[in-house]
Structures are given as C-alpha cells and as structure tokens.
$ cat data_34.pdb   # PDB, C-alpha atoms
ATOM      1  CA  MET V  13     -16.134  19.945   4.812  1.00  0.00           C
ATOM      2  CA  LYS V  14     -16.738  20.944   1.218  1.00  0.00           C
ATOM      3  CA  ILE V  15     -17.904  18.674  -1.547  1.00  0.00           C
ATOM      4  CA  HIS V  16     -14.588  18.801  -3.406  1.00  0.00           C
ATOM      5  CA  HIS V  17     -12.909  17.394  -0.292  1.00  0.00           C
ATOM      6  CA  PHE V  18     -15.312  14.443  -0.341  1.00  0.00           C
ATOM      7  CA  VAL V  19     -14.598  13.908  -4.038  1.00  0.00           C
ATOM      8  CA  GLN V  20     -10.847  13.986  -3.430  1.00  0.00           C
ATOM      9  CA  TYR V  21     -11.133  11.562  -0.511  1.00  0.00           C
ATOM     10  CA  GLY V  22     -13.312   9.261  -2.582  1.00  0.00           C
ATOM     11  CA  CYS V  23     -10.944   9.280  -5.557  1.00  0.00           C
ATOM     12  CA  SER V  24      -7.930   8.688  -3.320  1.00  0.00           C
ATOM     13  CA  LEU V  25      -9.640   5.805  -1.540  1.00  0.00           C
ATOM     14  CA  ILE V  26     -10.663   4.231  -4.836  1.00  0.00           C
ATOM     15  CA  LEU V  27      -7.093   4.590  -6.155  1.00  0.00           C
ATOM     16  CA  LEU V  28      -5.699   3.179  -2.901  1.00  0.00           C
ATOM     17  CA  THR V  29      -8.035   0.188  -3.032  1.00  0.00           C
ATOM     18  CA  PHE V  30      -7.323  -0.503  -6.702  1.00  0.00           C
ATOM     19  CA  SER V  31      -3.554  -0.165  -6.336  1.00  0.00           C
ATOM     20  CA  THR V  32      -3.486  -2.314  -3.188  1.00  0.00           C
ATOM     21  CA  VAL V  33      -5.393  -5.147  -4.822  1.00  0.00           C
ATOM     22  CA  SER V  34      -3.271  -4.841  -7.969  1.00  0.00           C
ATOM     23  CA  ALA V  35       0.016  -4.857  -6.041  1.00  0.00           C
ATOM     24  CA  TRP V  36      -1.178  -7.845  -4.030  1.00  0.00           C
ATOM     25  CA  TYR V  37      -2.030  -9.675  -7.258  1.00  0.00           C
ATOM     26  CA  GLU V  38       1.300  -8.775  -8.888  1.00  0.00           C
ATOM     27  CA  GLY V  39       3.125  -9.900  -5.756  1.00  0.00           C
ATOM     28  CA  SER V  40       1.401 -13.262  -5.770  1.00  0.00           C
ATOM     29  CA  ALA V  41       3.819 -14.217  -8.555  1.00  0.00           C
ATOM     30  CA  LEU V  42       6.213 -14.876  -5.667  1.00  0.00           C
ATOM     31  CA  LEU V  43       4.435 -18.193  -5.143  1.00  0.00           C
ATOM     32  CA  GLN V  44       5.610 -19.448  -8.545  1.00  0.00           C
ATOM     33  CA  ASN V  45       9.206 -18.341  -7.951  1.00  0.00           C
ATOM     34  CA  PRO V  46      10.618 -20.456  -5.060  1.00  0.00           C
ATOM     35  CA  GLN V  47      14.221 -19.393  -5.643  1.00  0.00           C
ATOM     36  CA  GLU V  48      13.162 -15.835  -4.755  1.00  0.00           C
ATOM     37  CA  TRP V  49      11.647 -16.846  -1.375  1.00  0.00           C
ATOM     38  CA  LYS V  50      14.959 -16.586   0.432  1.00  0.00           C
ATOM     39  CA  TYR V  51      15.649 -13.056  -0.808  1.00  0.00           C
ATOM     40  CA  THR V  52      12.242 -11.439  -1.145  1.00  0.00           C
ATOM     41  CA  ALA V  53      10.081 -13.025   1.568  1.00  0.00           C
ATOM     42  CA  LYS V  54      11.818 -10.890   4.206  1.00  0.00           C
ATOM     43  CA  ILE V  55       9.023 -10.755   6.783  1.00  0.00           C
ATOM     44  CA  THR V  56       8.442 -14.503   6.552  1.00  0.00           C
ATOM     45  CA  ASN V  57      12.184 -15.087   6.998  1.00  0.00           C
ATOM     46  CA  TRP V  58      12.229 -12.905  10.124  1.00  0.00           C
ATOM     47  CA  ILE V  59       9.149 -14.466  11.709  1.00  0.00           C
ATOM     48  CA  ASN V  60       9.093 -18.104  10.576  1.00  0.00           C
ATOM     49  CA  GLY V  61      12.478 -18.716   8.987  1.00  0.00           C
ATOM     50  CA  ILE V  62      13.004 -19.599   5.334  1.00  0.00           C
ATOM     51  CA  PRO V  63       9.682 -20.801   3.866  1.00  0.00           C
ATOM     52  CA  GLU V  64       9.533 -24.406   2.770  1.00  0.00           C
ATOM     53  CA  ASN V  65       6.292 -24.257   0.789  1.00  0.00           C
ATOM     54  CA  HIS V  66       3.970 -21.579  -0.551  1.00  0.00           C
ATOM     55  CA  ARG V  67       1.676 -21.730   2.493  1.00  0.00           C
ATOM     56  CA  ASP V  68       4.473 -20.439   4.730  1.00  0.00           C
ATOM     57  CA  ILE V  69       4.724 -17.078   2.943  1.00  0.00           C
ATOM     58  CA  LEU V  70       3.023 -14.150   4.672  1.00  0.00           C
ATOM     59  CA  GLN V  71       0.756 -11.824   2.696  1.00  0.00           C
ATOM     60  CA  ILE V  72       2.919  -8.752   3.360  1.00  0.00           C
ATOM     61  CA  ASP V  73       5.735 -10.402   1.416  1.00  0.00           C
ATOM     62  CA  PHE V  74       3.607 -10.183  -1.730  1.00  0.00           C
ATOM     63  CA  PHE V  75       3.850  -6.399  -1.471  1.00  0.00           C
ATOM     64  CA  ILE V  76       7.607  -6.602  -1.023  1.00  0.00           C
ATOM     65  CA  TYR V  77       7.884  -8.778  -4.128  1.00  0.00           C
ATOM     66  CA  SER V  78       5.664  -6.378  -6.041  1.00  0.00           C
ATOM     67  CA  ALA V  79       7.744  -3.403  -4.915  1.00  0.00           C
ATOM     68  CA  LYS V  80      10.916  -5.158  -5.977  1.00  0.00           C
ATOM     69  CA  PHE V  81       9.886  -6.271  -9.458  1.00  0.00           C
ATOM     70  CA  LYS V  82       6.768  -4.302 -10.516  1.00  0.00           C
ATOM     71  CA  PRO V  83       6.615  -1.173  -8.329  1.00  0.00           C
ATOM     72  CA  ILE V  84       4.068   0.940 -10.231  1.00  0.00           C
ATOM     73  CA  PHE V  85       1.143  -0.064  -8.009  1.00  0.00           C
ATOM     74  CA  ILE V  86       3.203   0.455  -4.862  1.00  0.00           C
ATOM     75  CA  TYR V  87       3.953   3.996  -6.094  1.00  0.00           C
ATOM     76  CA  LEU V  88       0.238   4.572  -6.642  1.00  0.00           C
ATOM     77  CA  MET V  89      -0.466   3.345  -3.105  1.00  0.00           C
ATOM     78  CA  ILE V  90       2.087   5.772  -1.676  1.00  0.00           C
ATOM     79  CA  ILE V  91       0.750   8.690  -3.713  1.00  0.00           C
ATOM     80  CA  SER V  92      -2.843   8.049  -2.656  1.00  0.00           C
ATOM     81  CA  VAL V  93      -1.937   7.683   1.029  1.00  0.00           C
ATOM     82  CA  LEU V  94       0.105  10.894   0.918  1.00  0.00           C
ATOM     83  CA  HIS V  95      -2.784  12.689  -0.767  1.00  0.00           C
ATOM     84  CA  ILE V  96      -5.169  11.547   1.963  1.00  0.00           C
ATOM     85  CA  ILE V  97      -2.750  12.694   4.675  1.00  0.00           C
ATOM     86  CA  PHE V  98      -2.154  16.102   3.092  1.00  0.00           C
ATOM     87  CA  LEU V  99      -5.865  16.615   2.469  1.00  0.00           C
ATOM     88  CA  THR V 100      -6.591  15.786   6.099  1.00  0.00           C
ATOM     89  CA  ILE V 101      -3.938  18.278   7.260  1.00  0.00           C
ATOM     90  CA  ILE V 102      -5.410  20.993   5.033  1.00  0.00           C
ATOM     91  CA  ILE V 103      -8.940  20.378   6.320  1.00  0.00           C
ATOM     92  CA  VAL V 104      -7.806  20.376   9.962  1.00  0.00           C
ATOM     93  CA  ARG V 105      -5.887  23.634   9.476  1.00  0.00           C
ATOM     94  CA  GLN V 106      -8.874  25.269   7.808  1.00  0.00           C
ATOM     95  CA  ARG V 107     -11.123  24.245  10.685  1.00  0.00           C
ATOM     96  CA  MET V 108      -8.608  25.444  13.267  1.00  0.00           C
ATOM     97  CA  ASN V 109      -8.326  28.816  11.536  1.00  0.00           C
ATOM     98  CA  LYS V 110     -12.099  29.041  11.241  1.00  0.00           C
ATOM     99  CA  THR V 111     -12.639  28.370  14.960  1.00  0.00           C
ATOM    100  CA  SER V 112      -9.845  30.741  16.046  1.00  0.00           C
ATOM    101  CA  VAL V 113     -11.331  33.611  14.013  1.00  0.00           C
ATOM    102  CA  GLN V 114     -14.774  33.252  15.606  1.00  0.00           C
TER     103      GLN V 114
END
$ encode --input "data_34.pdb" --output "structure tokens"
Amino acid sequence: MKIHHFVQYGCSLILLTFSTVSAWYEGSALLQNPQEWKYTAKITNWINGIPENHRDILQIDFFIYSAKFKPIFIYLMIISVLHIIFLTIIIVRQRMNKTSVQ
C-alpha cells in the first residue's frame, strides 16, 4: 500500500471521528426538547416505548435528531465512510491485478 493511501485513510478516519463526535453533540439537544422525544427518538420508541425521562433515550437517537435538524455532520460521516469503502475497493483491485499479472 502506498503512502498516499495511508494519508487518505488517516484523513478519512479523522474526519469520521470528528463528524461522529460533532453529530453526537448536536443530537444531544434532544434531551432538552421533550416534545420531540415521541417523534425523533425512533429507536427508543421501538425498543423501550415512549421515553419518560432523558435517561430512557438511547444514544443512537441522538444521531437521528442530528440528522433531522442539523444534518451537516451526518453528511460528513457518510462521505468519509464512502471514501474509506471506495479506497479499500481500489486497493483490493490493484492488489488482485498485481497478483494476477505475476
């Protein structure tokens, strides 16, 4: 694997980490908005029923809230994951072509 692949992986992982933490933080605003629990805390509603207090809300629902109201960090997460997947596919194809030629 070439050095520019490592750099791309590193940048994508840094962007993924940053955007995940940021989306999680933005989604934590759900805790201060109880009237939104019924409509946005979908996973919690499916698993535990309608939440009665803030401790009942599952962490994944923060991402749903973030995607619903402030989706920029969710978009960055998707872009970085897609970049990692495509980069992995490119590297695997290059290695397969390299081994088939030899």
$ closest_residue --input "data_34.pdb" --among "V:Asn60, V:Asn65, V:Ser112, V:Thr52" --to "V:Ala79" --atoms "only C-alpha atoms"
V:Thr52
$ residues_around --input "data_34.pdb" --residues "stretch 24-37 of chain V" --least-positions-apart "3" --cutoff "10 Å" --atoms "only C-alpha atoms" --output "VMD selection string"
chain V and resid 18 to 21 40 to 42 71 to 79 82 to 96
$ write_last_selection --input "data_34.pdb" --atoms "C-alpha atoms" --output "CSV table (one decimal), keeping the file's coordinate frame"
chain,number,residue,atom,x,y,z
V,18,PHE,CA,-15.3,14.4,-0.3
V,19,VAL,CA,-14.6,13.9,-4.0
V,20,GLN,CA,-10.8,14.0,-3.4
V,21,TYR,CA,-11.1,11.6,-0.5
V,40,SER,CA,1.4,-13.3,-5.8
V,41,ALA,CA,3.8,-14.2,-8.6
V,42,LEU,CA,6.2,-14.9,-5.7
V,71,GLN,CA,0.8,-11.8,2.7
V,72,ILE,CA,2.9,-8.8,3.4
V,73,ASP,CA,5.7,-10.4,1.4
V,74,PHE,CA,3.6,-10.2,-1.7
V,75,PHE,CA,3.8,-6.4,-1.5
V,76,ILE,CA,7.6,-6.6,-1.0
V,77,TYR,CA,7.9,-8.8,-4.1
V,78,SER,CA,5.7,-6.4,-6.0
V,79,ALA,CA,7.7,-3.4,-4.9
V,82,LYS,CA,6.8,-4.3,-10.5
V,83,PRO,CA,6.6,-1.2,-8.3
V,84,ILE,CA,4.1,0.9,-10.2
V,85,PHE,CA,1.1,-0.1,-8.0
V,86,ILE,CA,3.2,0.5,-4.9
V,87,TYR,CA,4.0,4.0,-6.1
V,88,LEU,CA,0.2,4.6,-6.6
V,89,MET,CA,-0.5,3.3,-3.1
V,90,ILE,CA,2.1,5.8,-1.7
V,91,ILE,CA,0.8,8.7,-3.7
V,92,SER,CA,-2.8,8.0,-2.7
V,93,VAL,CA,-1.9,7.7,1.0
V,94,LEU,CA,0.1,10.9,0.9
V,95,HIS,CA,-2.8,12.7,-0.8
V,96,ILE,CA,-5.2,11.5,2.0
$ atom_distance --input "data_34.pdb" --atom1 "atom CA of V:Thr100" --atom2 "atom CA of V:Ile15"
14.0 Å
$ atom_distance --input "data_34.pdb" --atom1 "atom CA of V:Ile103" --atom2 "atom CA of V:His17"
8.3 Å
$ atom_distance --input "data_34.pdb" --atom1 "atom CA of V:Phe81" --atom2 "atom CA of V:Glu64"
21.9 Å
$ closest_residue --input "data_34.pdb" --among "V:Gln106, V:Asn57, V:Lys80, V:Phe98" --to "V:Glu38" --atoms "only C-alpha atoms"
V:Lys80
$ axis_aligned_box --input "data_34.pdb" --around "stretch 54-68 of chain V" --padding-each-side "6 Å" --output "lines of an AutoDock Vina configuration file"
center_x = 7.3
center_y = -17.6
center_z = 5.6
size_x = 23.3
size_y = 25.7
size_z = 24.3
$ residues_around --input "data_34.pdb" --residues "V:Ile69" --least-positions-apart "2" --cutoff "6 Å" --atoms "only C-alpha atoms" --output "JSON, numbers by chain"
{"V": [56, 66, 67]}
$ residues_around --input "data_34.pdb" --residues "V:Gly61" --least-positions-apart "6" --cutoff "12 Å" --atoms "all atoms listed in the file" --output "PyMOL selection string"
chain V and resi 49-51+53-55+68-70
$ decode --input "data_34.pdb" --residues "chain V" --atoms "C-alpha atoms" --output "compact mmCIF listing (two decimals), in the first residue's frame"
# COMPACT_ATOMS: atom_id res chain seq x y z
CA MET V 13 0.00 0.00 0.00
CA LYS V 14 1.34 3.40 -0.97
CA ILE V 15 1.84 6.32 1.34
CA HIS V 16 -0.93 8.38 -0.25
CA HIS V 17 -3.37 5.59 0.63
CA PHE V 18 -2.31 5.82 4.27
CA VAL V 19 -2.75 9.60 4.18
CA GLN V 20 -6.22 9.25 2.66
CA TYR V 21 -7.23 6.63 5.23
CA GLY V 22 -5.90 8.80 8.03
CA CYS V 23 -7.72 11.92 6.82
CA SER V 24 -10.96 9.99 6.35
CA LEU V 25 -10.72 8.45 9.81
CA ILE V 26 -10.02 11.83 11.38
CA LEU V 27 -13.00 13.34 9.53
CA LEU V 28 -15.19 10.39 10.53
CA THR V 29 -14.20 10.71 14.18
CA PHE V 30 -14.70 14.48 14.23
CA SER V 31 -18.06 14.35 12.45
CA THR V 32 -19.31 11.49 14.64
CA VAL V 33 -18.48 13.31 17.86
CA SER V 34 -19.95 16.54 16.47
CA ALA V 35 -23.18 14.87 15.34
CA TRP V 36 -23.48 13.15 18.71
CA TYR V 37 -23.04 16.51 20.45
CA GLU V 38 -25.56 18.25 18.17
CA GLY V 39 -28.02 15.41 18.73
CA SER V 40 -27.74 15.71 22.49
CA ALA V 41 -30.01 18.75 22.17
CA LEU V 42 -32.78 16.14 22.06
CA LEU V 43 -32.50 15.90 25.84
CA GLN V 44 -33.68 19.50 26.24
CA ASN V 45 -36.61 19.03 23.84
CA PRO V 46 -39.05 16.52 25.45
CA GLN V 47 -41.86 17.23 23.00
CA GLU V 48 -39.61 15.84 20.24
CA TRP V 49 -39.00 12.51 22.05
CA LYS V 50 -42.13 10.93 20.64
CA TYR V 51 -41.25 11.78 17.04
CA THR V 52 -37.47 11.68 16.89
CA ALA V 53 -36.41 9.03 19.42
CA LYS V 54 -37.47 6.28 17.00
CA ILE V 55 -35.15 3.52 18.20
CA THR V 56 -36.05 4.15 21.84
CA ASN V 57 -39.75 4.05 20.92
CA TRP V 58 -39.29 0.69 19.16
CA ILE V 59 -37.26 -0.91 21.95
CA ASN V 60 -38.50 0.65 25.20
CA GLY V 61 -41.65 2.54 24.28
CA ILE V 62 -42.06 6.30 24.58
CA PRO V 63 -39.33 7.66 26.88
CA GLU V 64 -40.47 9.17 30.14
CA ASN V 65 -37.22 10.88 31.13
CA HIS V 66 -33.91 11.72 29.50
CA ARG V 67 -32.21 8.56 30.80
CA ASP V 68 -34.52 6.39 28.69
CA ILE V 69 -33.24 7.77 25.37
CA LEU V 70 -30.74 5.59 23.52
CA GLN V 71 -27.55 7.11 22.13
CA ILE V 72 -28.41 6.23 18.52
CA ASP V 73 -31.40 8.56 18.74
CA PHE V 74 -29.02 11.49 19.13
CA PHE V 75 -27.80 10.80 15.60
CA ILE V 76 -31.37 10.65 14.32
CA TYR V 77 -32.12 14.00 15.95
CA SER V 78 -28.94 15.45 14.48
CA ALA V 79 -29.81 14.13 11.03
CA LYS V 80 -33.27 15.61 11.28
CA PHE V 81 -32.37 19.12 12.42
CA LYS V 82 -28.64 19.71 11.78
CA PRO V 83 -27.53 17.16 9.16
CA ILE V 84 -24.17 18.61 8.08
CA PHE V 85 -22.13 16.32 10.35
CA ILE V 86 -24.17 13.29 9.31
CA TYR V 87 -23.34 14.14 5.68
CA LEU V 88 -19.66 14.35 6.58
CA MET V 89 -19.89 10.94 8.28
CA ILE V 90 -21.44 9.42 5.16
CA ILE V 91 -18.85 10.99 2.86
CA SER V 92 -15.94 9.76 4.96
CA VAL V 93 -17.32 6.22 5.24
CA LEU V 94 -17.93 6.09 1.49
CA HIS V 95 -14.40 7.34 0.86
CA ILE V 96 -12.97 4.61 3.07
CA ILE V 97 -15.04 1.95 1.29
CA PHE V 98 -14.08 3.15 -2.19
CA LEU V 99 -10.42 3.45 -1.24
CA THR V 100 -10.49 -0.10 0.11
CA ILE V 101 -12.08 -1.36 -3.13
CA ILE V 102 -9.43 0.41 -5.21
CA ILE V 103 -6.58 -1.04 -3.13
CA VAL V 104 -8.03 -4.56 -3.28
CA ARG V 105 -8.46 -4.34 -7.06
CA GLN V 106 -4.91 -3.09 -7.51
CA ARG V 107 -3.57 -5.98 -5.44
CA MET V 108 -5.70 -8.50 -7.32
CA ASN V 109 -4.45 -7.17 -10.66
CA LYS V 110 -0.88 -7.17 -9.39
CA THR V 111 -1.07 -10.81 -8.25
CA SER V 112 -2.82 -11.98 -11.44
CA VAL V 113 -0.12 -10.41 -13.64
CA GLN V 114 2.71 -12.19 -11.81
